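**Q** Dropping in query.pdb, with PDB, C-alpha atoms and all ligand atoms.
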```
ATOM      1  CA  MET A   1      23.973  84.668  71.033
ATOM      2  CA  LEU A   2      27.353  86.242  71.708
ATOM      3  CA  ILE A   3      27.633  89.662  70.074
ATOM      4  CA  ALA A   4      30.895  91.477  69.376
ATOM      5  CA  LEU A   5      30.347  95.170  68.785
ATOM      6  CA  THR A   6      33.097  96.609  66.588
ATOM      7  CA  ARG A   7      33.652  99.856  64.728
ATOM      8  CA  ALA A   8      35.485 100.543  61.469
ATOM      9  CA  VAL A   9      39.070 101.830  61.436
ATOM     10  CA  PRO A  10      38.636 105.547  60.648
ATOM     11  CA  PRO A  11      40.731 107.171  57.888
ATOM     12  CA  SER A  12      41.845 109.713  60.523
ATOM     13  CA  ILE A  13      43.514 107.045  62.702
ATOM     14  CA  ASN A  14      46.958 108.594  62.243
ATOM     15  CA  ARG A  15      45.787 111.442  64.506
ATOM     16  CA  CYS A  16      44.887 109.083  67.375
ATOM     17  CA  GLU A  17      45.783 109.712  71.015
ATOM     18  CA  LEU A  18      49.139 108.330  72.136
ATOM     19  CA  THR A  19      50.447 108.300  75.699
ATOM     20  CA  HIS A  20      53.196 105.740  76.209
ATOM     21  CA  VAL A  21      54.255 104.982  72.638
ATOM     22  CA  GLY A  22      55.900 107.256  70.055
ATOM     23  CA  ARG A  23      54.054 108.142  66.848
ATOM     24  CA  GLU A  24      54.775 105.879  63.874
ATOM     25  CA  PRO A  25      52.832 105.997  60.618
ATOM     26  CA  ILE A  26      49.876 103.617  60.587
ATOM     27  CA  ASP A  27      49.293 101.921  57.227
ATOM     28  CA  LEU A  28      45.543 102.462  56.811
ATOM     29  CA  ALA A  29      45.041  99.662  54.257
ATOM     30  CA  LEU A  30      46.887  97.187  56.468
ATOM     31  CA  ALA A  31      45.006  98.404  59.546
ATOM     32  CA  LEU A  32      41.716  97.736  57.722
ATOM     33  CA  THR A  33      42.876  94.246  56.748
ATOM     34  CA  GLN A  34      44.054  93.425  60.266
ATOM     35  CA  HIS A  35      40.796  94.727  61.711
ATOM     36  CA  GLU A  36      38.803  92.567  59.306
ATOM     37  CA  ARG A  37      40.869  89.527  60.338
ATOM     38  CA  TYR A  38      40.240  90.426  63.961
ATOM     39  CA  GLU A  39      36.510  90.381  63.268
ATOM     40  CA  ARG A  40      36.847  87.064  61.446
ATOM     41  CA  ALA A  41      38.786  85.594  64.368
ATOM     42  CA  LEU A  42      36.000  86.674  66.727
ATOM     43  CA  GLN A  43      33.455  85.057  64.399
ATOM     44  CA  SER A  44      35.451  81.828  64.382
ATOM     45  CA  LEU A  45      35.332  81.865  68.193
ATOM     46  CA  GLY A  46      31.542  82.123  68.170
ATOM     47  CA  CYS A  47      30.762  85.845  68.027
ATOM     48  CA  THR A  48      28.265  87.569  65.776
ATOM     49  CA  ILE A  49      29.798  90.842  64.625
ATOM     50  CA  GLN A  50      27.701  93.967  64.874
ATOM     51  CA  ARG A  51      29.325  97.155  63.633
ATOM     52  CA  VAL A  52      28.551 100.497  65.250
ATOM     53  CA  ALA A  53      28.033 103.334  62.729
ATOM     54  CA  PRO A  54      31.492 104.577  61.712
ATOM     55  CA  GLU A  55      32.958 107.905  62.855
ATOM     56  CA  PRO A  56      35.511 108.792  60.149
ATOM     57  CA  ASP A  57      36.597 111.995  61.916
ATOM     58  CA  LEU A  58      37.112 110.490  65.379
ATOM     59  CA  PRO A  59      40.627 109.006  65.155
ATOM     60  CA  ASP A  60      40.247 106.573  68.085
ATOM     61  CA  SER A  61      36.738 105.362  67.304
ATOM     62  CA  VAL A  62      37.929 101.857  66.330
ATOM     63  CA  PHE A  63      38.864 101.325  70.009
ATOM     64  CA  VAL A  64      35.255 100.736  70.945
ATOM     65  CA  GLU A  65      36.024  98.957  74.228
ATOM     66  CA  ASP A  66      36.682 102.259  75.955
ATOM     67  CA  THR A  67      33.193 103.622  75.372
ATOM     68  CA  ALA A  68      31.109 101.178  77.437
ATOM     69  CA  ILE A  69      31.109  98.463  80.081
ATOM     70  CA  VAL A  70      28.573  95.795  79.197
ATOM     71  CA  LEU A  71      27.426  93.455  81.956
ATOM     72  CA  ASP A  72      24.533  90.987  81.919
ATOM     73  CA  GLU A  73      22.264  93.425  83.771
ATOM     74  CA  ILE A  74      23.278  96.820  82.396
ATOM     75  CA  ALA A  75      25.574  98.741  80.049
ATOM     76  CA  VAL A  76      27.446 101.721  81.424
ATOM     77  CA  ILE A  77      28.313 104.289  78.772
ATOM     78  CA  THR A  78      31.619 105.821  79.769
ATOM     79  CA  ARG A  79      32.959 109.344  79.667
ATOM     80  CA  PRO A  80      36.428 108.788  78.157
ATOM     81  CA  GLY A  81      39.372 110.422  79.876
ATOM     82  CA  ALA A  82      40.684 111.869  76.606
ATOM     83  CA  GLU A  83      38.500 114.790  75.567
ATOM     84  CA  SER A  84      39.017 113.991  71.884
ATOM     85  CA  ARG A  85      37.206 110.683  72.472
ATOM     86  CA  ARG A  86      34.027 111.933  74.144
ATOM     87  CA  GLY A  87      32.121 112.086  70.847
ATOM     88  CA  GLU A  88      32.499 108.344  70.407
ATOM     89  CA  THR A  89      29.994 107.277  73.032
ATOM     90  CA  SER A  90      26.570 108.318  71.726
ATOM     91  CA  ALA A  91      26.538 105.937  68.743
ATOM     92  CA  VAL A  92      27.685 103.117  71.024
ATOM     93  CA  GLY A  93      24.787 103.916  73.364
ATOM     94  CA  ASP A  94      22.446 103.726  70.360
ATOM     95  CA  ALA A  95      23.857 100.318  69.437
ATOM     96  CA  LEU A  96      23.599  98.945  72.993
ATOM     97  CA  GLY A  97      20.150 100.383  73.756
ATOM     98  CA  PRO A  98      18.215  97.438  72.248
ATOM     99  CA  TYR A  99      20.129  94.969  74.450
ATOM    100  CA  ARG A 100      20.594  96.601  77.844
ATOM    101  CA  ASP A 101      19.370  99.317  80.185
ATOM    102  CA  LEU A 102      21.914 102.117  79.966
ATOM    103  CA  ALA A 103      23.654 104.125  82.670
ATOM    104  CA  LEU A 104      25.931 107.091  81.961
ATOM    105  CA  ILE A 105      29.110 108.346  83.591
ATOM    106  CA  GLU A 106      28.571 112.074  84.163
ATOM    107  CA  PRO A 107      31.094 114.935  84.501
ATOM    108  CA  PRO A 108      33.410 115.382  86.288
ATOM    109  CA  GLY A 109      33.803 111.610  86.211
ATOM    110  CA  THR A 110      35.958 109.977  83.575
ATOM    111  CA  LEU A 111      36.214 106.277  82.844
ATOM    112  CA  ASP A 112      37.680 104.251  79.965
ATOM    113  CA  GLY A 113      36.391 100.724  79.383
ATOM    114  CA  GLY A 114      40.002  99.592  78.963
ATOM    115  CA  ASP A 115      40.388 100.199  82.684
ATOM    116  CA  VAL A 116      37.594  97.828  83.652
ATOM    117  CA  LEU A 117      38.210  94.107  84.167
ATOM    118  CA  ARG A 118      35.390  91.903  85.418
ATOM    119  CA  ILE A 119      36.239  88.651  87.144
ATOM    120  CA  GLY A 120      33.025  87.077  88.377
ATOM    121  CA  SER A 121      31.224  89.645  90.508
ATOM    122  CA  ARG A 122      34.374  91.695  91.118
ATOM    123  CA  ILE A 123      34.916  94.710  88.884
ATOM    124  CA  TYR A 124      38.548  95.827  88.947
ATOM    125  CA  VAL A 125      39.018  99.413  87.761
ATOM    126  CA  GLY A 126      42.373 100.960  86.905
ATOM    127  CA  ARG A 127      43.097 104.332  88.476
ATOM    128  CA  SER A 128      44.872 105.548  85.378
ATOM    129  CA  ARG A 129      45.325 108.859  83.616
ATOM    130  CA  ARG A 130      42.004 108.114  81.881
ATOM    131  CA  SER A 131      39.777 106.972  84.760
ATOM    132  CA  ASN A 132      39.396 109.217  87.796
ATOM    133  CA  ASP A 133      38.067 108.680  91.311
ATOM    134  CA  ASP A 134      34.730 110.301  90.500
ATOM    135  CA  GLY A 135      34.212 107.999  87.504
ATOM    136  CA  ILE A 136      35.056 104.970  89.635
ATOM    137  CA  ARG A 137      32.697 106.159  92.391
ATOM    138  CA  GLN A 138      29.856 106.559  89.854
ATOM    139  CA  LEU A 139      30.516 103.077  88.510
ATOM    140  CA  GLU A 140      30.367 101.668  92.026
ATOM    141  CA  HIS A 141      27.128 103.548  92.743
ATOM    142  CA  THR A 142      25.569 101.959  89.644
ATOM    143  CA  LEU A 143      26.912  98.428  90.077
ATOM    144  CA  LYS A 144      26.842  97.827  93.827
ATOM    145  CA  PRO A 145      23.036  97.422  93.955
ATOM    146  CA  LEU A 146      23.415  94.766  91.226
ATOM    147  CA  GLY A 147      25.711  92.703  93.465
ATOM    148  CA  TYR A 148      29.090  93.745  92.078
ATOM    149  CA  THR A 149      32.092  94.813  94.129
ATOM    150  CA  VAL A 150      34.157  97.575  92.538
ATOM    151  CA  VAL A 151      37.863  97.382  93.346
ATOM    152  CA  PRO A 152      40.104 100.330  92.332
ATOM    153  CA  VAL A 153      43.580  99.219  91.229
ATOM    154  CA  PRO A 154      46.578 101.548  90.744
ATOM    155  CA  VAL A 155      48.266 101.191  87.338
ATOM    156  CA  ASN A 156      51.620 102.714  86.444
ATOM    157  CA  GLY A 157      53.543 102.930  83.218
ATOM    158  CA  CYS A 158      50.781 101.845  80.839
ATOM    159  CA  LEU A 159      47.566 103.261  79.397
ATOM    160  CA  HIS A 160      44.863 101.109  80.982
ATOM    161  CA  LEU A 161      44.393  98.365  83.555
ATOM    162  CA  LYS A 162      43.836  95.860  80.757
ATOM    163  CA  SER A 163      47.199  96.800  79.210
ATOM    164  CA  ALA A 164      48.627  95.301  82.408
ATOM    165  CA  ILE A 165      46.293  92.430  83.292
ATOM    166  CA  THR A 166      43.528  90.374  81.668
ATOM    167  CA  GLN A 167      41.721  87.129  82.355
ATOM    168  CA  VAL A 168      42.881  84.217  80.181
ATOM    169  CA  ALA A 169      40.882  81.327  81.684
ATOM    170  CA  SER A 170      38.381  80.897  84.477
ATOM    171  CA  GLY A 171      40.218  82.019  87.620
ATOM    172  CA  THR A 172      43.480  82.750  85.772
ATOM    173  CA  VAL A 173      45.023  86.116  84.906
ATOM    174  CA  LEU A 174      47.907  87.106  82.641
ATOM    175  CA  PHE A 175      49.786  90.158  83.885
ATOM    176  CA  ASN A 176      52.812  92.406  83.654
ATOM    177  CA  PRO A 177      54.243  92.880  87.174
ATOM    178  CA  ALA A 178      56.015  96.085  86.097
ATOM    179  CA  TRP A 179      52.674  97.825  85.537
ATOM    180  CA  VAL A 180      50.292  96.384  88.128
ATOM    181  CA  SER A 181      50.405  94.636  91.474
ATOM    182  CA  THR A 182      48.085  91.633  91.771
ATOM    183  CA  THR A 183      47.697  91.798  95.545
ATOM    184  CA  MET A 184      44.069  92.958  95.196
ATOM    185  CA  PHE A 185      43.196  90.033  92.942
ATOM    186  CA  GLY A 186      43.149  87.495  95.780
ATOM    187  CA  ASP A 187      42.834  83.870  95.008
ATOM    188  CA  VAL A 188      43.455  83.733  91.220
ATOM    189  CA  ASP A 189      46.090  81.794  89.296
ATOM    190  CA  ARG A 190      48.673  84.187  87.913
ATOM    191  CA  ILE A 191      50.723  83.943  84.729
ATOM    192  CA  GLU A 192      53.441  86.559  84.261
ATOM    193  CA  ILE A 193      54.138  87.710  80.726
ATOM    194  CA  ASP A 194      57.598  87.179  79.299
ATOM    195  CA  PRO A 195      59.436  90.355  80.413
ATOM    196  CA  ARG A 196      60.696  90.944  76.853
ATOM    197  CA  GLU A 197      57.070  91.359  75.758
ATOM    198  CA  PRO A 198      55.658  94.082  78.043
ATOM    199  CA  PHE A 199      52.464  94.612  76.009
ATOM    200  CA  ALA A 200      51.570  90.909  75.966
ATOM    201  CA  ALA A 201      49.237  91.004  78.981
ATOM    202  CA  ASN A 202      46.421  92.372  76.834
ATOM    203  CA  ALA A 203      44.643  89.169  75.748
ATOM    204  CA  LEU A 204      40.973  88.577  74.955
ATOM    205  CA  LEU A 205      39.193  85.523  76.354
ATOM    206  CA  VAL A 206      36.313  84.391  74.127
ATOM    207  CA  ASN A 207      34.546  81.097  74.804
ATOM    208  CA  GLU A 208      37.635  79.570  76.491
ATOM    209  CA  THR A 209      40.067  80.511  73.726
ATOM    210  CA  VAL A 210      42.401  83.461  74.151
ATOM    211  CA  LEU A 211      42.918  85.855  71.272
ATOM    212  CA  VAL A 212      46.467  87.231  71.434
ATOM    213  CA  SER A 213      48.761  89.290  69.271
ATOM    214  CA  SER A 214      51.254  87.324  67.173
ATOM    215  CA  ALA A 215      53.896  89.867  68.237
ATOM    216  CA  TYR A 216      54.337  88.075  71.583
ATOM    217  CA  PRO A 217      55.296  84.449  70.851
ATOM    218  CA  ARG A 218      57.081  83.827  74.147
ATOM    219  CA  THR A 219      54.077  84.769  76.236
ATOM    220  CA  ARG A 220      51.894  82.763  73.883
ATOM    221  CA  GLU A 221      54.029  79.727  74.637
ATOM    222  CA  LEU A 222      53.622  80.319  78.376
ATOM    223  CA  LEU A 223      49.847  80.196  77.904
ATOM    224  CA  GLU A 224      49.987  77.088  75.734
ATOM    225  CA  ARG A 225      52.163  75.317  78.278
ATOM    226  CA  ARG A 226      49.389  75.871  80.800
ATOM    227  CA  GLY A 227      46.964  74.182  78.399
ATOM    228  CA  ILE A 228      45.166  77.406  77.464
ATOM    229  CA  PRO A 229      43.888  77.417  73.846
ATOM    230  CA  VAL A 230      45.322  80.397  71.971
ATOM    231  CA  HIS A 231      44.442  82.075  68.668
ATOM    232  CA  ALA A 232      47.076  84.570  67.450
ATOM    233  CA  ILE A 233      46.452  87.427  65.023
ATOM    234  CA  GLU A 234      48.570  90.257  63.634
ATOM    235  CA  THR A 235      47.872  93.643  65.209
ATOM    236  CA  THR A 236      50.907  95.717  64.202
ATOM    237  CA  GLU A 237      48.939  98.732  62.954
ATOM    238  CA  LEU A 238      46.459  98.998  65.830
ATOM    239  CA  ALA A 239      49.383  98.527  68.258
ATOM    240  CA  LYS A 240      50.919 101.704  66.761
ATOM    241  CA  GLY A 241      47.707 103.409  67.905
ATOM    242  CA  GLU A 242      48.356 102.024  71.413
ATOM    243  CA  GLY A 243      45.558  99.491  71.069
ATOM    244  CA  GLY A 244      45.591  95.804  71.940
ATOM    245  CA  VAL A 245      43.259  92.893  71.218
ATOM    246  CA  THR A 246      40.663  93.752  73.858
ATOM    247  CA  CYS A 247      40.161  97.310  72.733
ATOM    248  CA  CYS A 248      38.517  96.768  69.355
ATOM    249  CA  SER A 249      35.353  95.040  70.583
ATOM    250  CA  LEU A 250      32.647  94.915  73.227
ATOM    251  CA  ILE A 251      31.523  91.318  73.691
ATOM    252  CA  PHE A 252      28.284  90.366  75.424
ATOM    253  CA  HIS A 253      25.454  87.862  75.466
ATOM    254  CA  ALA A 254      22.146  88.857  73.902
ATOM    255  CA  GLY A 255      18.761  87.169  73.846
TER     256      GLY A 255
HETATM  257  C1  LIG B   1      43.845 106.004  73.129
HETATM  258  O1  LIG B   1      44.904 106.494  73.514
HETATM  259  O2  LIG B   1      42.776 106.251  73.678
HETATM  260  C2  LIG B   1      43.871 105.090  71.913
HETATM  261  N1  LIG B   1      44.877 105.536  70.999
HETATM  262  C3  LIG B   1      44.122 103.654  72.300
HETATM  263  C4  LIG B   1      43.028 103.072  73.135
HETATM  264  C5  LIG B   1      43.256 101.642  73.471
HETATM  265  N2  LIG B   1      42.177 101.167  74.244
HETATM  266  C6  LIG B   1      42.201 100.051  74.939
HETATM  267  O3  LIG B   1      43.195  99.366  74.994
HETATM  268  N3  LIG B   1      41.121  99.739  75.619
END
```
Show the structure stored in the file as structure tokens.
Ligand code: CIR

**A**
Amino acid sequence: MLIALTRAVPPSINRCELTHVGREPIDLALALTQHERYERALQSLGCTIQRVAPEPDLPDSVFVEDTAIVLDEIAVITRPGAESRRGETSAVGDALGPYRDLALIEPPGTLDGGDVLRIGSRIYVGRSRRSNDDGIRQLEHTLKPLGYTVVPVPVNGCLHLKSAITQVASGTVLFNPAWVSTTMFGDVDRIEIDPREPFAANALLVNETVLVSSAYPRTRELLERRGIPVHAIETTELAKGEGGVTCCSLIFHAG
């Protein structure tokens, strides 16, 4: 069974953290609708939705991806780089406990799940404003004995590594060359986003279909031309909170 952990859009979302985008009012009702459609899209791609207990007073709690890294062998509960987000992790740990052994990132380490991209046994980690060297070192200490290689990757100009690069098919990445260099990614196929759509590199691969935002039709066409199945959804409100399609779920196999 493929589980997608999600968390409700909190009524406080208009107070969310913002780093690279200016504040614009988020329409809460529309955000709730778009989030529900996001969950339905994940269901249509084969996921069973499991909602973590809501946190109405934690404005970024819908962006559940940042709170954990879930691998087949273990789940690592992060210590988010933004202090306002640190209260989000304990309920996610409670939700993941039945499925995985848990490891924790401890102070002074910080790590956001949005900075972590797994491709096979390689774990690429963005060295961003949210994830520091100590957090990356702790992740490596936990994952190396399990056979993973942790590869730090500099990111510039965007929030997280996965704002700049994601996997869109086996051995294929979609990326924004303005925000990340792919030299460390070795022998993968590379698709560059359309430069007029800088946020388009954040795509979510689920069972061989890629969930993308409908705001980036040119990049979508580039994917389709490569024969990659695409499912587009509207994400205007969560994008105003600096979130993309990966950030609202944690997807993993159970049982
Ligand atoms: C933040 O700044 O932490 C949130 N407003 C957005 C987090 C987006 N997370 C993600 O893409 N993994």

**Q** Expressed in Å to a single decimal, how great is the separation between CA of Leu223 (chain A) and CA of Ile193 (chain A)?

**A**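 For CA of Leu223 (chain A) relative to CA of Ile193 (chain A), the distance reads 9.1 Å.
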
**Q** If we count all atoms listed in the file, what is near region 153-165 of chain A at a cut-off of 7 Å, once residues fewer than 5 positions away on the same chain are taken out, given as a PDB file with C-alpha atoms, in the coordinates of the input?

**A**
```pdb
ATOM      1  CA  THR A  19      50.447 108.300  75.699  1.00  0.00           C
ATOM      2  CA  HIS A  20      53.196 105.740  76.209  1.00  0.00           C
ATOM      3  CA  GLY A 114      40.002  99.592  78.963  1.00  0.00           C
ATOM      4  CA  ASP A 115      40.388 100.199  82.684  1.00  0.00           C
ATOM      5  CA  VAL A 116      37.594  97.828  83.652  1.00  0.00           C
ATOM      6  CA  LEU A 117      38.210  94.107  84.167  1.00  0.00           C
ATOM      7  CA  TYR A 124      38.548  95.827  88.947  1.00  0.00           C
ATOM      8  CA  VAL A 125      39.018  99.413  87.761  1.00  0.00           C
ATOM      9  CA  GLY A 126      42.373 100.960  86.905  1.00  0.00           C
ATOM     10  CA  ARG A 127      43.097 104.332  88.476  1.00  0.00           C
ATOM     11  CA  SER A 128      44.872 105.548  85.378  1.00  0.00           C
ATOM     12  CA  VAL A 173      45.023  86.116  84.906  1.00  0.00           C
ATOM     13  CA  LEU A 174      47.907  87.106  82.641  1.00  0.00           C
ATOM     14  CA  PHE A 175      49.786  90.158  83.885  1.00  0.00           C
ATOM     15  CA  ASN A 176      52.812  92.406  83.654  1.00  0.00           C
ATOM     16  CA  TRP A 179      52.674  97.825  85.537  1.00  0.00           C
ATOM     17  CA  VAL A 180      50.292  96.384  88.128  1.00  0.00           C
ATOM     18  CA  PHE A 199      52.464  94.612  76.009  1.00  0.00           C
ATOM     19  CA  ALA A 201      49.237  91.004  78.981  1.00  0.00           C
ATOM     20  CA  ASN A 202      46.421  92.372  76.834  1.00  0.00           C
TER      21      ASN A 202
END
```

**Q** Counting all atoms listed in the file, what residues are within 6 Å of ligand LIG 1 (chain B), given as a PyMOL selection string?

**A** chain A and resi 16-18+60+63+65-66+114+241-244+247

**Q** Given the selection you just returned, output its residues as a file containing C-alpha atoms, formatted as a PDB file, in the coordinates of the input.

**A**
```
ATOM      1  CA  CYS A  16      44.887 109.083  67.375  1.00  0.00           C
ATOM      2  CA  GLU A  17      45.783 109.712  71.015  1.00  0.00           C
ATOM      3  CA  LEU A  18      49.139 108.330  72.136  1.00  0.00           C
ATOM      4  CA  ASP A  60      40.247 106.573  68.085  1.00  0.00           C
ATOM      5  CA  PHE A  63      38.864 101.325  70.009  1.00  0.00           C
ATOM      6  CA  GLU A  65      36.024  98.957  74.228  1.00  0.00           C
ATOM      7  CA  ASP A  66      36.682 102.259  75.955  1.00  0.00           C
ATOM      8  CA  GLY A 114      40.002  99.592  78.963  1.00  0.00           C
ATOM      9  CA  GLY A 241      47.707 103.409  67.905  1.00  0.00           C
ATOM     10  CA  GLU A 242      48.356 102.024  71.413  1.00  0.00           C
ATOM     11  CA  GLY A 243      45.558  99.491  71.069  1.00  0.00           C
ATOM     12  CA  GLY A 244      45.591  95.804  71.940  1.00  0.00           C
ATOM     13  CA  CYS A 247      40.161  97.310  72.733  1.00  0.00           C
TER      14      CYS A 247
END
```

**Q** Could you list, as JSON, numbers by chain, every residue matched by the PyMOL selection byres (((chain A and resi 78-82) around 10) and not hetatm) in this structure?

**A** {"A": [17, 65, 66, 67, 68, 69, 75, 76, 77, 83, 84, 85, 86, 87, 88, 89, 90, 92, 93, 103, 104, 105, 106, 107, 108, 109, 110, 111, 112, 113, 114, 128, 129, 130, 131, 132, 135, 139]}

**Q** Taking C-alpha atoms for each residue, export the selection above as a short mmCIF file (atom, residue, chain, number, x, y, z; two decimals), in the frame of the given file.

**A**
```
data_model
loop_
_atom_site.label_atom_id
_atom_site.label_comp_id
_atom_site.auth_asym_id
_atom_site.auth_seq_id
_atom_site.Cartn_x
_atom_site.Cartn_y
_atom_site.Cartn_z
CA GLU A 17 45.78 109.71 71.02
CA GLU A 65 36.02 98.96 74.23
CA ASP A 66 36.68 102.26 75.96
CA THR A 67 33.19 103.62 75.37
CA ALA A 68 31.11 101.18 77.44
CA ILE A 69 31.11 98.46 80.08
CA ALA A 75 25.57 98.74 80.05
CA VAL A 76 27.45 101.72 81.42
CA ILE A 77 28.31 104.29 78.77
CA GLU A 83 38.50 114.79 75.57
CA SER A 84 39.02 113.99 71.88
CA ARG A 85 37.21 110.68 72.47
CA ARG A 86 34.03 111.93 74.14
CA GLY A 87 32.12 112.09 70.85
CA GLU A 88 32.50 108.34 70.41
CA THR A 89 29.99 107.28 73.03
CA SER A 90 26.57 108.32 71.73
CA VAL A 92 27.68 103.12 71.02
CA GLY A 93 24.79 103.92 73.36
CA ALA A 103 23.65 104.12 82.67
CA LEU A 104 25.93 107.09 81.96
CA ILE A 105 29.11 108.35 83.59
CA GLU A 106 28.57 112.07 84.16
CA PRO A 107 31.09 114.94 84.50
CA PRO A 108 33.41 115.38 86.29
CA GLY A 109 33.80 111.61 86.21
CA THR A 110 35.96 109.98 83.58
CA LEU A 111 36.21 106.28 82.84
CA ASP A 112 37.68 104.25 79.96
CA GLY A 113 36.39 100.72 79.38
CA GLY A 114 40.00 99.59 78.96
CA SER A 128 44.87 105.55 85.38
CA ARG A 129 45.32 108.86 83.62
CA ARG A 130 42.00 108.11 81.88
CA SER A 131 39.78 106.97 84.76
CA ASN A 132 39.40 109.22 87.80
CA GLY A 135 34.21 108.00 87.50
CA LEU A 139 30.52 103.08 88.51
#
```

**Q** Take the point (37.5, 101.0, 60.5) in the file's coordinates, draw a sphere of radius 7 Å around it, and report as a list of chain:residue names every protein, DNA or RNA residue with an atom inside or on it, counting only C-alpha atoms.

**A** A:Arg7, A:Ala8, A:Val9, A:Pro10, A:Leu32, A:Val62

**Q** For this structure, which residues satisfy the selection - the PyMOL selection byres (((chain A and resi 219) around 12) and not hetatm) - when it is evaluated on the file as given? I want them as a ChimeraX atom specification.

**A** /A:168,174-176,191-203,210,212-218,220-226,228,230,232

**Q** I'd like the interatomic distance between CA of Phe252 (chain A) and CA of Ile3 (chain A), to a tenth of an Å.

**A**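 So the answer is 5.4 Å.
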
**Q** Determine the nearest neighbour of Arg37 (chain A) from the options A:Val151, A:Ala178, A:Ile49, A:Met1, counting all atoms listed in the file.

**A**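 Distance minimum relative to Arg37 (chain A) lands on A:Ile49.
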
**Q** Evaluate the PyMOL selection byres (((chain A and resi 34) around 9) and not hetatm) on the structure here and hand back the selected residues as a PyMOL selection string.

**A** chain A and resi 29-33+35-39+233-238

**Q** Given the choices A:Thr246, A:Pro25, A:Leu71, A:Ile119, which gets closest to Asp101 (chain A) if the distance is worked out from all atoms listed in the file?

**A**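 Of the candidates, the smallest distance to Asp101 (chain A) is held by A:Leu71.
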
**Q** Find the axis-aligned box for region 81-99 of chain A, covering all its listed atoms and adding 3 Å on each side, and write its centre and edge lengths in Å to one decimal as JSON.

**A**
```
{"center_x": 29.4, "center_y": 104.9, "center_z": 74.3, "size_x": 28.5, "size_y": 25.8, "size_z": 17.1}
```

**Q** Closest to Thr142 (chain A) among A:Ile123, A:Glu55, A:Pro98, A:Phe185, using all atoms listed in the file?

**A**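 Once distances to Thr142 (chain A) are computed over all atoms listed in the file, the minimum belongs to A:Ile123.
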
**Q** Kindly indicate which residue among A:Thr183, A:Gln50, A:Gln167, A:Ser44 lies nearest to Ala95 (chain A), using only C-alpha atoms for the distances.

**A** A:Gln50

**Q** Using only C-alpha atoms, which residue out of A:Thr209, A:Ser181, A:Ser121, A:Asn14 lies closest to Thr149 (chain A)?

**A**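 So, comparing all the options, the nearest one is A:Ser121.
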
**Q** What is the CA of Leu28 (chain A) to CA of Ser249 (chain A) distance in Å?

**A**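 Atom-to-atom, CA of Leu28 (chain A) to CA of Ser249 (chain A), that is 18.7 Å.
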
**Q** Would you mind completing region 100-110 of chain A so that it carries N, CA, C and O atoms, and writing it out as a compact mmCIF listing (two decimals), in the frame of the given file?

**A**
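See out.txt below for the written result:
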```txt
# COMPACT_ATOMS: atom_id res chain seq x y z
N ARG A 100 20.37 96.38 76.42
CA ARG A 100 20.59 96.60 77.84
C ARG A 100 19.98 97.93 78.28
O ARG A 100 19.89 98.88 77.48
N ASP A 101 19.60 98.00 79.58
CA ASP A 101 19.37 99.32 80.18
C ASP A 101 20.71 100.03 80.18
O ASP A 101 21.76 99.40 80.36
N LEU A 102 20.66 101.36 80.04
CA LEU A 102 21.91 102.12 79.97
C LEU A 102 22.07 103.01 81.18
O LEU A 102 21.11 103.62 81.65
N ALA A 103 23.30 103.11 81.68
CA ALA A 103 23.65 104.12 82.67
C ALA A 103 24.78 104.95 82.06
O ALA A 103 25.49 104.48 81.17
N LEU A 104 24.92 106.19 82.54
CA LEU A 104 25.93 107.09 81.96
C LEU A 104 26.89 107.57 83.04
O LEU A 104 26.46 107.89 84.15
N ILE A 105 28.16 107.66 82.72
CA ILE A 105 29.11 108.35 83.59
C ILE A 105 29.00 109.85 83.29
O ILE A 105 29.07 110.26 82.12
N GLU A 106 28.79 110.63 84.33
CA GLU A 106 28.57 112.07 84.16
C GLU A 106 29.81 112.86 84.59
O GLU A 106 30.57 112.41 85.44
N PRO A 107 29.99 114.10 84.04
CA PRO A 107 31.09 114.94 84.50
C PRO A 107 30.96 115.21 86.01
O PRO A 107 29.82 115.30 86.49
N PRO A 108 32.03 115.36 86.76
CA PRO A 108 33.41 115.38 86.29
C PRO A 108 34.06 114.00 86.20
O PRO A 108 35.27 113.89 86.08
N GLY A 109 33.23 112.96 86.26
CA GLY A 109 33.80 111.61 86.21
C GLY A 109 34.38 111.29 84.85
O GLY A 109 33.86 111.75 83.83
N THR A 110 35.45 110.54 84.83
CA THR A 110 35.96 109.98 83.58
C THR A 110 36.21 108.50 83.81
O THR A 110 36.55 108.08 84.91
```
